[in-house]
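Listing of model-v2.cif; format and content: mmCIF, C-alpha atoms.
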```cif
data_coords
#
loop_
_atom_site.label_atom_id
_atom_site.label_comp_id
_atom_site.auth_asym_id
_atom_site.auth_seq_id
_atom_site.Cartn_x
_atom_site.Cartn_y
_atom_site.Cartn_z
CA MET A 1406 104.00 133.34 129.04
CA ARG A 1407 107.21 131.33 129.01
CA ASN A 1408 105.44 128.32 130.55
CA LYS A 1409 102.70 128.47 127.93
CA LEU A 1410 105.23 128.60 125.12
CA LEU A 1411 107.21 125.67 126.51
CA THR A 1412 104.00 123.65 126.91
CA PHE A 1413 103.12 124.44 123.30
CA LEU A 1414 106.55 123.26 122.16
CA PHE A 1415 106.10 119.94 123.97
CA ILE A 1416 102.57 119.39 122.65
CA ILE A 1417 103.54 119.65 118.95
CA PRO A 1418 105.69 116.46 118.83
CA LEU A 1419 103.18 114.67 121.02
CA LEU A 1420 100.34 115.38 118.60
CA THR A 1421 102.51 114.46 115.61
CA SER A 1422 103.44 111.08 117.08
CA CYS A 1423 99.80 110.25 117.86
CA SER A 1424 98.77 110.49 114.20
CA ASP A 1425 101.22 107.76 113.09
CA ASN A 1426 99.32 104.61 114.07
CA ILE A 1427 99.78 102.40 111.02
CA LYS A 1428 99.26 98.62 111.17
CA LYS A 1429 101.01 96.54 108.52
CA ASP A 1430 100.82 92.93 107.42
CA GLY A 1431 102.00 90.85 104.46
CA PHE A 1432 101.14 87.36 103.24
CA PHE A 1433 100.90 85.28 100.05
CA ALA A 1434 97.64 84.77 98.16
CA PHE A 1435 96.54 84.77 94.49
CA ASP A 1436 100.03 83.69 93.46
CA THR A 1437 101.54 86.91 94.74
CA ARG A 1438 102.24 88.92 97.88
CA ILE A 1439 99.50 90.98 99.53
CA ASN A 1440 100.73 93.95 101.57
CA ILE A 1441 98.37 95.74 103.90
CA SER A 1442 98.90 99.13 105.51
CA ILE A 1443 95.99 100.63 107.47
CA GLU A 1444 95.90 103.52 109.90
CA ASN A 1445 94.08 103.05 113.21
CA ALA A 1446 93.40 99.37 112.51
CA ASN A 1447 93.65 96.59 115.09
CA GLU A 1448 94.88 93.00 114.85
CA ASP A 1449 91.33 91.71 114.25
CA ASN A 1450 90.99 93.96 111.20
CA LEU A 1451 94.25 92.60 109.73
CA SER A 1452 93.30 89.00 110.47
CA TYR A 1453 89.91 89.37 108.85
CA ILE A 1454 91.39 90.86 105.66
CA LYS A 1455 93.91 88.03 105.47
CA GLU A 1456 91.08 85.55 105.97
CA ILE A 1457 89.06 87.08 103.09
CA CYS A 1458 92.05 86.85 100.74
CA LEU A 1459 93.04 83.29 101.68
CA TYR A 1460 89.45 82.11 101.37
CA LEU A 1461 88.93 83.66 97.91
CA ASP A 1462 92.38 82.35 96.90
CA LYS A 1463 91.26 78.84 97.81
CA LEU A 1464 87.97 79.20 95.91
CA SER A 1465 89.60 80.63 92.76
CA ASP A 1466 92.52 78.14 92.61
CA ASN A 1467 92.54 76.51 89.16
CA TYR A 1468 95.68 74.44 89.75
CA GLN A 1469 94.73 72.16 92.62
CA ALA A 1470 91.81 70.73 94.59
CA ARG A 1471 91.27 72.15 98.06
CA ASP A 1472 89.10 71.15 101.01
CA ILE A 1473 86.12 72.90 99.37
CA ALA A 1474 84.68 72.92 95.82
CA ASN A 1475 86.72 75.44 93.84
CA VAL A 1476 87.51 76.47 90.26
CA TYR A 1477 89.76 73.42 89.86
CA SER A 1478 86.80 71.16 90.79
CA ILE A 1479 84.58 72.83 88.19
CA ASN A 1480 87.31 72.60 85.52
CA GLN A 1481 87.51 68.83 86.07
CA SER A 1482 83.85 68.10 85.46
CA ASN A 1483 80.76 68.73 83.35
CA GLU A 1484 78.46 67.64 86.15
CA ASP A 1485 76.41 69.89 88.42
CA ILE A 1486 78.62 71.11 91.26
CA LYS A 1487 77.24 72.73 94.39
CA VAL A 1488 79.61 75.45 95.48
CA ASP A 1489 79.90 77.94 98.27
CA LYS A 1490 77.77 81.05 97.69
CA ASP A 1491 80.93 83.20 97.59
CA LEU A 1492 82.31 81.20 94.65
CA TYR A 1493 78.92 81.25 92.94
CA ASP A 1494 78.76 85.06 93.22
CA LEU A 1495 82.39 85.48 92.18
CA LEU A 1496 82.01 83.31 89.07
CA LYS A 1497 78.70 84.89 88.10
CA SER A 1498 80.10 88.40 88.30
CA ALA A 1499 83.26 87.39 86.36
CA TYR A 1500 81.11 85.63 83.74
CA GLU A 1501 78.89 88.69 83.27
CA VAL A 1502 81.61 91.40 83.25
CA ASN A 1503 82.30 90.56 79.60
CA SER A 1504 78.85 91.86 78.61
CA GLN A 1505 79.19 94.82 80.98
CA GLY A 1506 82.06 96.48 79.13
CA ALA A 1507 85.13 94.25 79.45
CA SER A 1508 84.50 92.73 76.03
CA ASN A 1509 87.98 91.19 75.64
CA PHE A 1510 87.90 89.58 79.09
CA ASN A 1511 86.74 85.96 79.10
CA LEU A 1512 87.13 83.83 82.21
CA MET A 1513 86.92 80.68 80.06
CA CYS A 1514 90.41 81.36 78.59
CA GLY A 1515 92.14 79.17 81.20
CA SER A 1516 93.57 76.44 78.97
CA LEU A 1517 94.45 78.91 76.18
CA ALA A 1518 96.35 81.02 78.74
CA LYS A 1519 98.13 77.89 80.03
CA LEU A 1520 99.15 77.03 76.44
CA TRP A 1521 100.69 80.49 75.98
CA LYS A 1522 102.36 80.47 79.42
CA SER A 1523 104.08 77.14 78.79
CA SER A 1524 105.23 78.32 75.33
CA ILE A 1525 106.51 81.65 76.70
CA GLU A 1526 108.58 79.75 79.26
CA LYS A 1527 110.28 77.99 76.33
CA SER A 1528 110.52 81.28 74.34
CA GLN A 1529 108.23 79.84 71.69
CA ILE A 1530 104.92 80.68 70.03
CA PRO A 1531 102.32 77.90 70.34
CA ASP A 1532 101.41 75.89 67.26
CA ILE A 1533 98.54 77.54 65.34
CA LEU A 1534 96.55 74.28 65.41
CA ASP A 1535 96.81 74.12 69.19
CA ILE A 1536 95.60 77.73 69.44
CA GLN A 1537 92.69 76.98 67.09
CA ASN A 1538 91.81 73.93 69.17
CA GLU A 1539 91.69 76.06 72.33
CA LEU A 1540 89.60 78.73 70.58
CA ASN A 1541 87.09 76.08 69.51
CA LYS A 1542 86.86 74.93 73.13
CA ILE A 1543 86.17 78.50 74.29
CA GLN A 1544 83.51 79.07 71.62
CA ASN A 1545 81.75 75.84 72.58
CA SER A 1546 81.93 76.31 76.34
CA SER A 1547 79.79 78.13 78.87
CA LEU A 1548 78.78 78.10 82.49
CA LEU A 1549 75.25 77.45 83.71
CA PHE A 1550 74.28 79.12 86.98
CA LYS A 1551 71.51 77.09 88.54
CA ASP A 1552 69.45 77.43 91.72
CA ASP A 1553 70.87 76.65 95.13
CA ASN A 1554 74.46 77.68 94.21
CA VAL A 1555 74.88 74.93 91.64
CA ILE A 1556 77.19 75.50 88.67
CA GLN A 1557 77.61 73.36 85.58
CA ARG A 1558 80.44 73.79 83.12
CA ILE A 1559 79.50 73.03 79.51
CA GLY A 1560 82.36 72.12 77.16
CA GLU A 1561 86.08 71.73 77.72
CA ALA A 1562 87.37 75.30 78.18
CA GLU A 1563 88.85 75.97 81.61
CA ILE A 1564 88.03 78.81 83.96
CA ASP A 1565 90.85 81.19 84.98
CA LEU A 1566 90.04 83.97 87.44
CA GLY A 1567 93.63 85.29 87.56
CA GLY A 1568 92.69 88.57 85.87
CA TYR A 1569 89.70 89.19 88.13
CA VAL A 1570 89.87 87.75 91.63
CA LYS A 1571 92.36 90.22 93.12
CA GLY A 1572 90.18 93.17 92.20
CA TYR A 1573 87.10 91.30 93.42
CA SER A 1574 88.83 90.68 96.76
CA LEU A 1575 89.79 94.36 97.03
CA ASP A 1576 86.10 95.25 96.68
CA LYS A 1577 85.27 92.92 99.59
CA ILE A 1578 88.07 94.47 101.65
CA LYS A 1579 86.90 97.99 100.76
CA ASP A 1580 83.37 97.17 101.99
CA TYR A 1581 84.80 95.74 105.21
CA LEU A 1582 87.01 98.78 105.84
CA LYS A 1583 84.11 101.13 105.19
CA ALA A 1584 81.90 99.23 107.64
CA HIS A 1585 84.63 99.62 110.26
CA GLU A 1586 85.12 103.31 109.49
CA LEU A 1587 88.75 102.82 108.41
CA THR A 1588 89.58 105.29 105.67
CA ASN A 1589 93.38 105.56 105.53
CA TYR A 1590 94.88 102.52 103.83
CA ILE A 1591 96.85 100.94 101.01
CA ILE A 1592 96.02 97.31 100.16
CA ASN A 1593 98.55 96.17 97.60
CA ALA A 1594 97.88 92.89 95.78
CA GLY A 1595 101.18 92.14 94.06
CA ASN A 1596 101.52 95.73 92.78
CA SER A 1597 99.12 94.91 89.92
CA SER A 1598 95.87 95.55 91.83
CA VAL A 1599 96.02 98.22 94.51
CA LEU A 1600 93.22 99.58 96.69
CA LEU A 1601 93.75 103.09 98.02
CA GLY A 1602 91.87 104.93 100.73
CA GLU A 1603 93.06 108.41 101.52
CA LYS A 1604 95.74 109.87 103.77
CA ASN A 1605 94.68 110.86 107.28
CA ASN A 1606 94.49 114.50 106.29
CA GLY A 1607 92.24 113.59 103.34
CA GLU A 1608 95.07 114.02 100.87
CA THR A 1609 95.99 111.78 97.95
CA TYR A 1610 98.58 109.02 97.87
CA LYS A 1611 101.59 109.35 95.60
CA VAL A 1612 101.55 106.57 93.02
CA GLY A 1613 104.24 105.57 90.54
CA ILE A 1614 103.91 103.28 87.55
CA LYS A 1615 106.75 100.93 86.73
CA GLY A 1616 108.15 101.68 83.29
CA LEU A 1617 106.96 105.28 83.41
CA ASP A 1618 109.81 107.07 85.13
CA GLY A 1619 109.27 110.57 86.43
CA TYR A 1620 105.49 110.50 86.71
CA LEU A 1621 103.90 110.82 90.13
CA PHE A 1622 100.13 110.30 90.15
CA LYS A 1623 97.97 111.72 92.95
CA LEU A 1624 95.19 109.27 93.71
CA LYS A 1625 92.82 108.35 96.54
CA ASN A 1626 89.71 106.26 97.15
CA CYS A 1627 90.12 104.08 94.09
CA VAL A 1628 91.49 100.80 92.77
CA ILE A 1629 94.40 100.78 90.32
CA SER A 1630 94.69 97.70 88.12
CA THR A 1631 97.44 96.96 85.64
CA SER A 1632 97.91 94.43 82.88
CA GLY A 1633 101.26 94.27 81.20
CA THR A 1634 104.29 92.55 79.83
CA LEU A 1635 106.62 93.19 82.74
CA GLU A 1636 106.14 89.62 83.87
CA GLN A 1637 105.51 86.54 81.78
CA SER A 1638 106.43 87.82 78.33
CA VAL A 1639 108.83 86.93 75.56
CA VAL A 1640 110.16 88.74 72.48
CA ILE A 1641 110.21 86.67 69.29
CA ASN A 1642 111.02 88.27 65.90
CA ASP A 1643 110.73 91.76 67.43
CA LYS A 1644 107.20 91.06 68.69
CA THR A 1645 106.39 90.87 72.39
CA TYR A 1646 104.04 88.12 73.52
CA SER A 1647 102.45 88.11 76.95
CA HIS A 1648 100.30 85.81 79.06
CA ILE A 1649 97.23 87.96 78.27
CA VAL A 1650 95.37 86.25 75.47
CA ASN A 1651 92.73 87.48 73.08
CA PRO A 1652 89.66 85.23 73.47
CA TYR A 1653 88.53 85.91 69.88
CA ASN A 1654 91.65 85.17 67.83
CA GLY A 1655 93.85 83.36 70.37
CA ASP A 1656 96.72 85.82 69.87
CA ALA A 1657 98.91 87.06 72.73
CA GLU A 1658 100.92 89.75 70.96
CA ALA A 1659 101.21 92.77 73.26
CA LYS A 1660 100.33 96.16 71.78
CA TYR A 1661 101.46 97.99 74.91
CA ASP A 1662 103.97 97.66 77.75
CA SER A 1663 101.07 97.94 80.15
CA VAL A 1664 97.58 99.32 80.56
CA VAL A 1665 96.52 100.87 83.86
CA VAL A 1666 92.87 101.32 84.81
CA ILE A 1667 91.76 103.52 87.71
CA SER A 1668 88.25 102.91 89.00
CA LYS A 1669 86.06 102.81 92.10
CA ASP A 1670 85.35 99.12 91.48
CA GLY A 1671 88.24 96.65 91.78
CA ALA A 1672 86.69 93.69 89.95
CA PHE A 1673 85.64 95.86 87.02
CA SER A 1674 89.00 97.62 87.04
CA ASP A 1675 90.89 94.31 86.85
CA ALA A 1676 88.70 93.01 84.00
CA MET A 1677 88.94 96.30 82.10
CA SER A 1678 92.74 96.45 82.32
CA THR A 1679 92.88 92.98 80.74
CA SER A 1680 90.30 93.90 78.14
CA LEU A 1681 91.85 97.26 77.20
CA PHE A 1682 95.31 95.68 76.92
CA MET A 1683 94.03 94.44 73.54
CA ALA A 1684 92.17 97.63 72.65
CA THR A 1685 92.82 100.56 70.34
CA GLU A 1686 93.15 104.16 71.56
CA GLU A 1687 89.61 104.87 70.31
CA GLU A 1688 88.28 101.98 72.35
CA MET A 1689 90.06 103.35 75.46
CA ILE A 1690 88.46 106.77 74.94
CA LYS A 1691 85.05 105.10 74.46
CA ALA A 1692 85.51 103.06 77.66
CA GLU A 1693 86.25 106.25 79.62
CA GLU A 1694 83.13 107.86 78.18
CA ASP A 1695 80.91 104.88 78.93
CA TYR A 1696 82.23 103.95 82.38
CA ASP A 1697 83.58 105.79 85.42
CA ILE A 1698 87.21 104.82 84.76
CA ARG A 1699 90.49 106.39 83.70
CA VAL A 1700 92.96 104.59 81.44
CA ILE A 1701 96.70 104.99 81.05
CA ALA A 1702 98.37 103.03 78.25
CA ILE A 1703 102.16 102.79 78.22
CA LYS A 1704 104.17 101.91 75.15
CA ASP A 1705 107.98 101.99 74.76
CA ASN A 1706 108.28 103.42 78.30
CA ASN A 1707 106.16 106.45 77.39
CA VAL A 1708 102.54 107.47 77.78
CA PHE A 1709 100.66 106.23 74.72
CA TYR A 1710 97.25 107.31 75.99
CA MET A 1711 96.12 109.21 79.07
CA ASN A 1712 93.13 111.45 79.75
CA ASN A 1713 94.00 115.08 80.52
CA ASP A 1714 92.15 115.03 83.84
CA VAL A 1715 94.38 112.39 85.47
CA GLU A 1716 96.20 114.32 88.18
CA PHE A 1717 99.95 113.87 88.20
CA ASP A 1718 103.23 115.68 88.72
CA PHE A 1719 106.25 115.23 86.55
CA HIS A 1720 109.49 115.37 88.48
CA MET B 1198 111.01 144.16 131.19
CA ASP B 1199 108.15 142.02 129.92
CA LYS B 1200 108.86 143.06 126.34
CA LYS B 1201 112.46 142.03 126.70
CA ARG B 1202 111.43 138.65 128.11
CA LEU B 1203 108.99 138.08 125.28
CA ARG B 1204 111.67 138.92 122.73
CA ASN B 1205 114.07 136.44 124.36
CA ASP B 1206 111.36 133.77 124.35
CA ILE B 1207 110.73 134.30 120.66
CA ILE B 1208 114.45 134.10 119.93
CA LEU B 1209 114.61 130.86 121.92
CA ILE B 1210 111.67 129.32 120.06
CA VAL B 1211 112.90 130.37 116.63
CA SER B 1212 116.37 129.01 117.47
CA LEU B 1213 114.93 125.68 118.62
CA LEU B 1214 112.76 125.37 115.53
CA LEU B 1215 115.73 126.23 113.31
CA VAL B 1216 117.87 123.56 114.96
CA ALA B 1217 115.03 121.03 114.58
CA VAL B 1218 114.54 121.83 110.88
CA ILE B 1219 118.29 121.59 110.19
CA ALA B 1220 118.48 118.27 112.05
CA LEU B 1221 115.51 116.92 110.08
CA VAL B 1222 117.02 117.96 106.75
CA VAL B 1223 120.34 116.32 107.66
CA ILE B 1224 118.60 113.10 108.78
CA LEU B 1225 116.43 112.88 105.65
CA ALA B 1226 119.36 113.62 103.33
CA ASN B 1227 121.45 110.89 104.96
CA ARG B 1228 118.58 108.38 104.96
CA LYS B 1229 118.02 108.85 101.24
CA LYS B 1230 121.67 108.28 100.52
CA ASP B 1231 122.56 105.58 102.99
CA ASN B 1232 119.62 103.56 104.19
CA LEU B 1233 118.86 101.09 101.43
CA ILE B 1234 118.08 97.99 103.42
CA ALA B 1235 116.76 94.91 101.62
CA LYS B 1236 114.54 92.67 103.71
CA VAL B 1237 114.03 89.11 102.53
CA TYR B 1238 110.91 87.32 103.76
CA VAL B 1239 109.89 83.68 103.56
CA GLN B 1240 106.17 83.63 104.29
CA SER B 1241 105.90 86.31 106.99
CA GLU B 1242 109.34 85.77 108.53
CA ILE B 1243 112.31 88.03 107.78
CA VAL B 1244 115.16 85.64 107.00
CA LEU B 1245 117.74 88.15 105.74
CA THR B 1246 118.39 91.84 106.20
CA ILE B 1247 121.01 93.24 103.83
CA ASP B 1248 122.49 96.73 103.69
CA LEU B 1249 122.83 97.16 99.94
CA ASN B 1250 125.45 99.87 100.29
CA GLU B 1251 127.73 97.64 102.34
CA VAL B 1252 127.73 94.61 100.04
CA LYS B 1253 129.71 94.75 96.78
CA ASP B 1254 128.98 91.34 95.26
CA LYS B 1255 127.63 88.49 97.33
CA ASP B 1256 125.43 85.41 96.94
CA TYR B 1257 122.86 84.29 99.48
CA TYR B 1258 120.96 81.02 99.55
CA ILE B 1259 117.69 80.71 101.42
CA ASP B 1260 115.17 77.90 101.78
CA GLY B 1261 111.89 78.79 100.12
CA VAL B 1262 108.71 76.78 100.63
CA HIS B 1263 109.56 74.43 97.73
CA ASN B 1264 113.15 75.11 96.69
CA GLN B 1265 116.37 76.77 97.64
CA VAL B 1266 116.40 80.32 96.29
CA HIS B 1267 119.64 81.94 95.11
CA ILE B 1268 119.85 85.69 95.73
CA ASN B 1269 122.64 87.96 94.52
CA VAL B 1270 123.52 91.46 95.68
CA LYS B 1271 125.67 93.52 93.36
CA ASP B 1272 126.42 97.25 93.07
CA GLY B 1273 123.62 98.32 95.39
CA ALA B 1274 120.98 96.14 93.71
CA ILE B 1275 119.39 92.81 94.60
CA ALA B 1276 118.01 89.99 92.45
CA ILE B 1277 116.75 86.45 92.60
CA VAL B 1278 119.05 84.74 90.12
CA GLU B 1279 117.88 81.18 90.57
CA SER B 1280 114.66 79.65 91.82
CA GLY B 1281 113.01 76.37 91.05
CA CYS B 1282 109.63 78.03 90.48
CA PRO B 1283 107.68 77.11 87.33
CA HIS B 1284 107.16 80.56 85.74
CA GLN B 1285 110.46 82.24 86.79
CA ASP B 1286 108.74 85.63 87.15
CA CYS B 1287 110.97 86.44 90.10
CA VAL B 1288 114.15 85.78 88.09
CA HIS B 1289 112.80 87.84 85.17
CA THR B 1290 112.26 90.79 87.53
CA GLY B 1291 116.05 91.21 87.45
CA TYR B 1292 118.10 93.49 89.69
CA VAL B 1293 116.15 95.99 91.78
CA LYS B 1294 117.67 98.93 93.63
CA GLU B 1295 114.62 101.11 94.31
CA SER B 1296 112.32 100.90 97.29
CA ASN B 1297 108.64 100.13 96.58
CA ARG B 1298 109.59 97.70 93.80
CA PRO B 1299 109.38 94.21 95.29
CA ILE B 1300 110.70 90.92 93.99
CA ILE B 1301 108.11 88.21 94.52
CA CYS B 1302 108.46 84.45 94.19
CA ALA B 1303 104.98 83.27 95.12
CA TYR B 1304 105.86 79.61 94.51
CA ASN B 1305 108.54 79.72 97.21
CA ALA B 1306 106.74 82.39 99.27
CA VAL B 1307 109.79 84.63 99.03
CA TYR B 1308 109.33 88.39 99.10
CA ILE B 1309 112.15 90.92 98.84
CA ILE B 1310 111.59 94.59 99.49
CA ILE B 1311 114.07 97.44 99.76
CA GLU B 1312 113.25 99.78 102.57
CA GLY B 1313 114.35 103.34 102.17
CA THR B 1314 112.95 106.70 101.33
CA SER B 1315 110.87 106.93 98.18
CA ASP B 1316 108.97 109.64 96.37
CA TYR B 1317 106.06 107.22 96.09
CA ASP B 1318 103.62 105.64 98.55
CA VAL B 1319 103.14 102.76 96.12
CA VAL B 1320 104.39 101.74 92.67
CA VAL B 1321 102.14 99.65 90.44
CA ASN B 1322 103.33 97.38 87.63
#
```

Can you present the structure in this file as structure tokens?
Amino acid sequence: MRNKLLTFLFIIPLLTSCSDNIKKDGFFAFDTRINISIENANEDNLSYIKEICLYLDKLSDNYQARDIANVYSINQSNEDIKVDKDLYDLLKSAYEVNSQGASNFNLMCGSLAKLWKSSIEKSQIPDILDIQNELNKIQNSSLLFKDDNVIQRIGEAEIDLGGYVKGYSLDKIKDYLKAHELTNYIINAGNSSVLLGEKNNGETYKVGIKGLDGYLFKLKNCVISTSGTLEQSVVINDKTYSHIVNPYNGDAEAKYDSVVVISKDGAFSDAMSTSLFMATEEEMIKAEEDYDIRVIAIKDNNVFYMNNDVEFDFH
Amino acid sequence: MDKKRLRNDIILIVSLLLVAVIALVVILANRKKDNLIAKVYVQSEIVLTIDLNEVKDKDYYIDGVHNQVHINVKDGAIAIVESGCPHQDCVHTGYVKESNRPIICAYNAVYIIIEGTSDYDVVVN
């Protein structure tokens, strides 16, 4: 009896230590830091995920040319450009997400966003004529998706995938992890797009939202996307302006501190958080009814809107 | 005789478990209070490890990918106070003293994270 009990006592810590096999990695892509934490993964898994991110980062770069046709290349030309199939698919899905629910998301807002960013850095609002000029460019621009992965940009508006590509990448990573039967993970793309699996006992992860002290959300198997004013914003005459611009009126006044969207689909989640950042409460409710998402809007460090079925503790 | 032995075994096990639980509580309580370690990365390399409780007010200068980055530690919090990056998002992040809230300067590939106990697995912003 004593021997059995002693054996039992030794087995408990042994079993506990076996369950803690977490691989971690961190690197820079999409103008931020990507942190990976996966249970039971190997080095090949981590390397592949890094490869996916760095590749999509290269394709979506709108600031410089790379060794492959990318968004920068397309922004420099109105000619037909043959691109990699991955960029073709990425741009097509980002182009179409506007008509699939993210009505305030427009990937052709690149130069308007740059105008606001440079003004915000100087704590200024852009000149109304410059904004109108950019809006005219957006209204007169489009992308043509032709056969054989050829894309042609019409007009002068520039593509910016900043509000989309991280979520899109998380979807690719999610598919990869599923194919490799890895279920316990947190893939954190700069804390603004986060892919969650589940804990090894099937339980939820504990998620906090910056600016919303005391709330602890219990989430698993989803992507969390945020759009907000915590970075790249300025207060002028008691109004907060952010880098998130309205493609219809060119304005960048922030109604909320941030908008968080929880969804199964990272690309859609990213686009919706941008879109709903400019939305009313009624539009948020409608979006939840129409799509499989949950929305949390934060204003003045408090919950402005949240569905009752979002599971959280207050502590 | 057997009954007495069994009772002694149970007392032994309960005592051991009690000691283990007390030790765990003491360790966790101390970790929460004392172990706030800031790790500063450039790319994937840790270039600085700072115990935030030990440093009162100190400046650190590290070489980022493009510029020298000026870091300050004050009153248990850490901040990037100067960086040559175009958007200055890292500087605007301000002083951070909680774990799970990173400071990121993508332009210089600098990443600062405080390691310590947290109520959260991840914090989004």

Kindly extract all protein, DNA and RNA residues lying within 10 Å of the coordinates (98.2, 102.5, 81.1) given in the file, considering all atoms listed in the file, and supply them as a ChimeraX atom specification. /A:1614,1617,1630-1633,1661-1667,1678,1681-1682,1689,1699-1704,1707-1711 /B:1322

Would you mind reading off the distance between CA of Ala1499 in chain A and CA of Tyr1569 in chain A, one decimal, in Å?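 According to the coordinates, CA of Ala1499 in chain A and CA of Tyr1569 in chain A are separated by 6.9 Å.
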
Going by the chain IDs and residue numbers used in this file, which residues fall under the PyMOL selection byres ((chain B) within 9 of (chain A))? Write them as a PDB file with C-alpha atoms, in the frame of the given file.
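File written: part_20.pdb
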```pdb
ATOM      1  CA  ARG B1202     111.430 138.650 128.110  1.00  0.00           C
ATOM      2  CA  LEU B1203     108.990 138.080 125.280  1.00  0.00           C
ATOM      3  CA  ASP B1206     111.360 133.770 124.350  1.00  0.00           C
ATOM      4  CA  ILE B1210     111.670 129.320 120.060  1.00  0.00           C
ATOM      5  CA  GLN B1240     106.170  83.630 104.290  1.00  0.00           C
ATOM      6  CA  SER B1241     105.900  86.310 106.990  1.00  0.00           C
ATOM      7  CA  PRO B1283     107.680  77.110  87.330  1.00  0.00           C
ATOM      8  CA  HIS B1284     107.160  80.560  85.740  1.00  0.00           C
ATOM      9  CA  GLN B1285     110.460  82.240  86.790  1.00  0.00           C
ATOM     10  CA  ASP B1286     108.740  85.630  87.150  1.00  0.00           C
ATOM     11  CA  CYS B1287     110.970  86.440  90.100  1.00  0.00           C
ATOM     12  CA  HIS B1289     112.800  87.840  85.170  1.00  0.00           C
ATOM     13  CA  THR B1290     112.260  90.790  87.530  1.00  0.00           C
ATOM     14  CA  ARG B1298     109.590  97.700  93.800  1.00  0.00           C
ATOM     15  CA  PRO B1299     109.380  94.210  95.290  1.00  0.00           C
ATOM     16  CA  ILE B1301     108.110  88.210  94.520  1.00  0.00           C
ATOM     17  CA  CYS B1302     108.460  84.450  94.190  1.00  0.00           C
ATOM     18  CA  ALA B1303     104.980  83.270  95.120  1.00  0.00           C
ATOM     19  CA  TYR B1304     105.860  79.610  94.510  1.00  0.00           C
ATOM     20  CA  ALA B1306     106.740  82.390  99.270  1.00  0.00           C
ATOM     21  CA  VAL B1307     109.790  84.630  99.030  1.00  0.00           C
ATOM     22  CA  TYR B1308     109.330  88.390  99.100  1.00  0.00           C
ATOM     23  CA  ASP B1316     108.970 109.640  96.370  1.00  0.00           C
ATOM     24  CA  TYR B1317     106.060 107.220  96.090  1.00  0.00           C
ATOM     25  CA  ASP B1318     103.620 105.640  98.550  1.00  0.00           C
ATOM     26  CA  VAL B1319     103.140 102.760  96.120  1.00  0.00           C
ATOM     27  CA  VAL B1320     104.390 101.740  92.670  1.00  0.00           C
ATOM     28  CA  VAL B1321     102.140  99.650  90.440  1.00  0.00           C
ATOM     29  CA  ASN B1322     103.330  97.380  87.630  1.00  0.00           C
TER      30      ASN B1322
END
```

Mind telling me what the PyMOL selection byres ((chain A and resi 1528) around 8) catches here, as an MDAnalysis selection string? chainID A and resid 1524:1527 1529:1530 1639:1641

Can you list, as a PyMOL selection string, every protein, DNA or RNA residue that comes within 8 Å of Gly1291 in chain B when you count all atoms listed in the file, leaving out same-chain residues fewer than 5 positions away? chain B and resi 1276-1278

Take the point (87.3, 91.5, 104.7) as written in the file and pick out every residue within 9 Å of it, counting only C-alpha atoms; give the list as a compact mmCIF listing (two decimals) with C-alpha atoms, in the coordinates of the input.
```
# COMPACT_ATOMS: atom_id res chain seq x y z
CA ASN A 1450 90.99 93.96 111.20
CA LEU A 1451 94.25 92.60 109.73
CA SER A 1452 93.30 89.00 110.47
CA TYR A 1453 89.91 89.37 108.85
CA ILE A 1454 91.39 90.86 105.66
CA LYS A 1455 93.91 88.03 105.47
CA GLU A 1456 91.08 85.55 105.97
CA ILE A 1457 89.06 87.08 103.09
CA CYS A 1458 92.05 86.85 100.74
CA SER A 1574 88.83 90.68 96.76
CA LEU A 1575 89.79 94.36 97.03
CA ASP A 1576 86.10 95.25 96.68
CA LYS A 1577 85.27 92.92 99.59
CA ILE A 1578 88.07 94.47 101.65
CA LYS A 1579 86.90 97.99 100.76
CA ASP A 1580 83.37 97.17 101.99
CA TYR A 1581 84.80 95.74 105.21
CA LEU A 1582 87.01 98.78 105.84
```

Give the answer as one residue: which of A:Lys1660, A:Ala1584, A:Arg1558, A:Asp1532 has the shortest atom-to-atom distance to Leu1517 in chain A, using all atoms listed in the file? A:Asp1532

Give me, please, the distance in Å between CA of Met1683 in chain A and CA of Leu1512 in chain A, quoted to one decimal.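 Computing the Euclidean distance for CA of Met1683 in chain A and CA of Leu1512 in chain A yields 15.3 Å.
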
Distance in Å - CA of Lys1542 in chain A versus CA of Arg1471 in chain A: 25.5 Å

If we count all atoms listed in the file, what is near Tyr1493 in chain A at a cut-off of 12 Å, once residues fewer than 6 positions away on the same chain are taken out, given as a list in words? Leu1461, Leu1464, Ser1465, Ala1474, Asn1475, Val1476, Ile1479, Ile1486, Lys1487, Ala1499, Tyr1500, Leu1548, Leu1549, Phe1550, Lys1551, Asp1552, Asp1553, Asn1554, Val1555, Ile1556 and Gln1557 of chain A

Which residues would end up in the selection if the PyMOL selection byres ((chain B and resi 1252) around 10) were applied here, given that I need the answer as a PyMOL selection string? chain B and resi 1247-1251+1253-1256+1270-1274

Would you mind telling me which residue in A:Lys1519, A:Lys1490, A:Lys1583, A:Lys1429 lies nearest to Glu1563 in chain A when using only C-alpha atoms? A:Lys1519

As an mmCIF file with C-alpha atoms, in the frame of the given file, please: the residues near Asn1545 in chain A (cut-off 10 Å, all atoms listed in the file, same-chain neighbours under 6 positions excluded).
```cif
data_model
loop_
_atom_site.group_PDB
_atom_site.id
_atom_site.type_symbol
_atom_site.label_atom_id
_atom_site.label_comp_id
_atom_site.auth_asym_id
_atom_site.auth_seq_id
_atom_site.Cartn_x
_atom_site.Cartn_y
_atom_site.Cartn_z
ATOM 1 C CA GLU A 1539 91.690 76.060 72.330
ATOM 2 C CA ILE A 1559 79.500 73.030 79.510
ATOM 3 C CA GLY A 1560 82.360 72.120 77.160
ATOM 4 C CA GLU A 1561 86.080 71.730 77.720
ATOM 5 C CA ALA A 1562 87.370 75.300 78.180
#
```
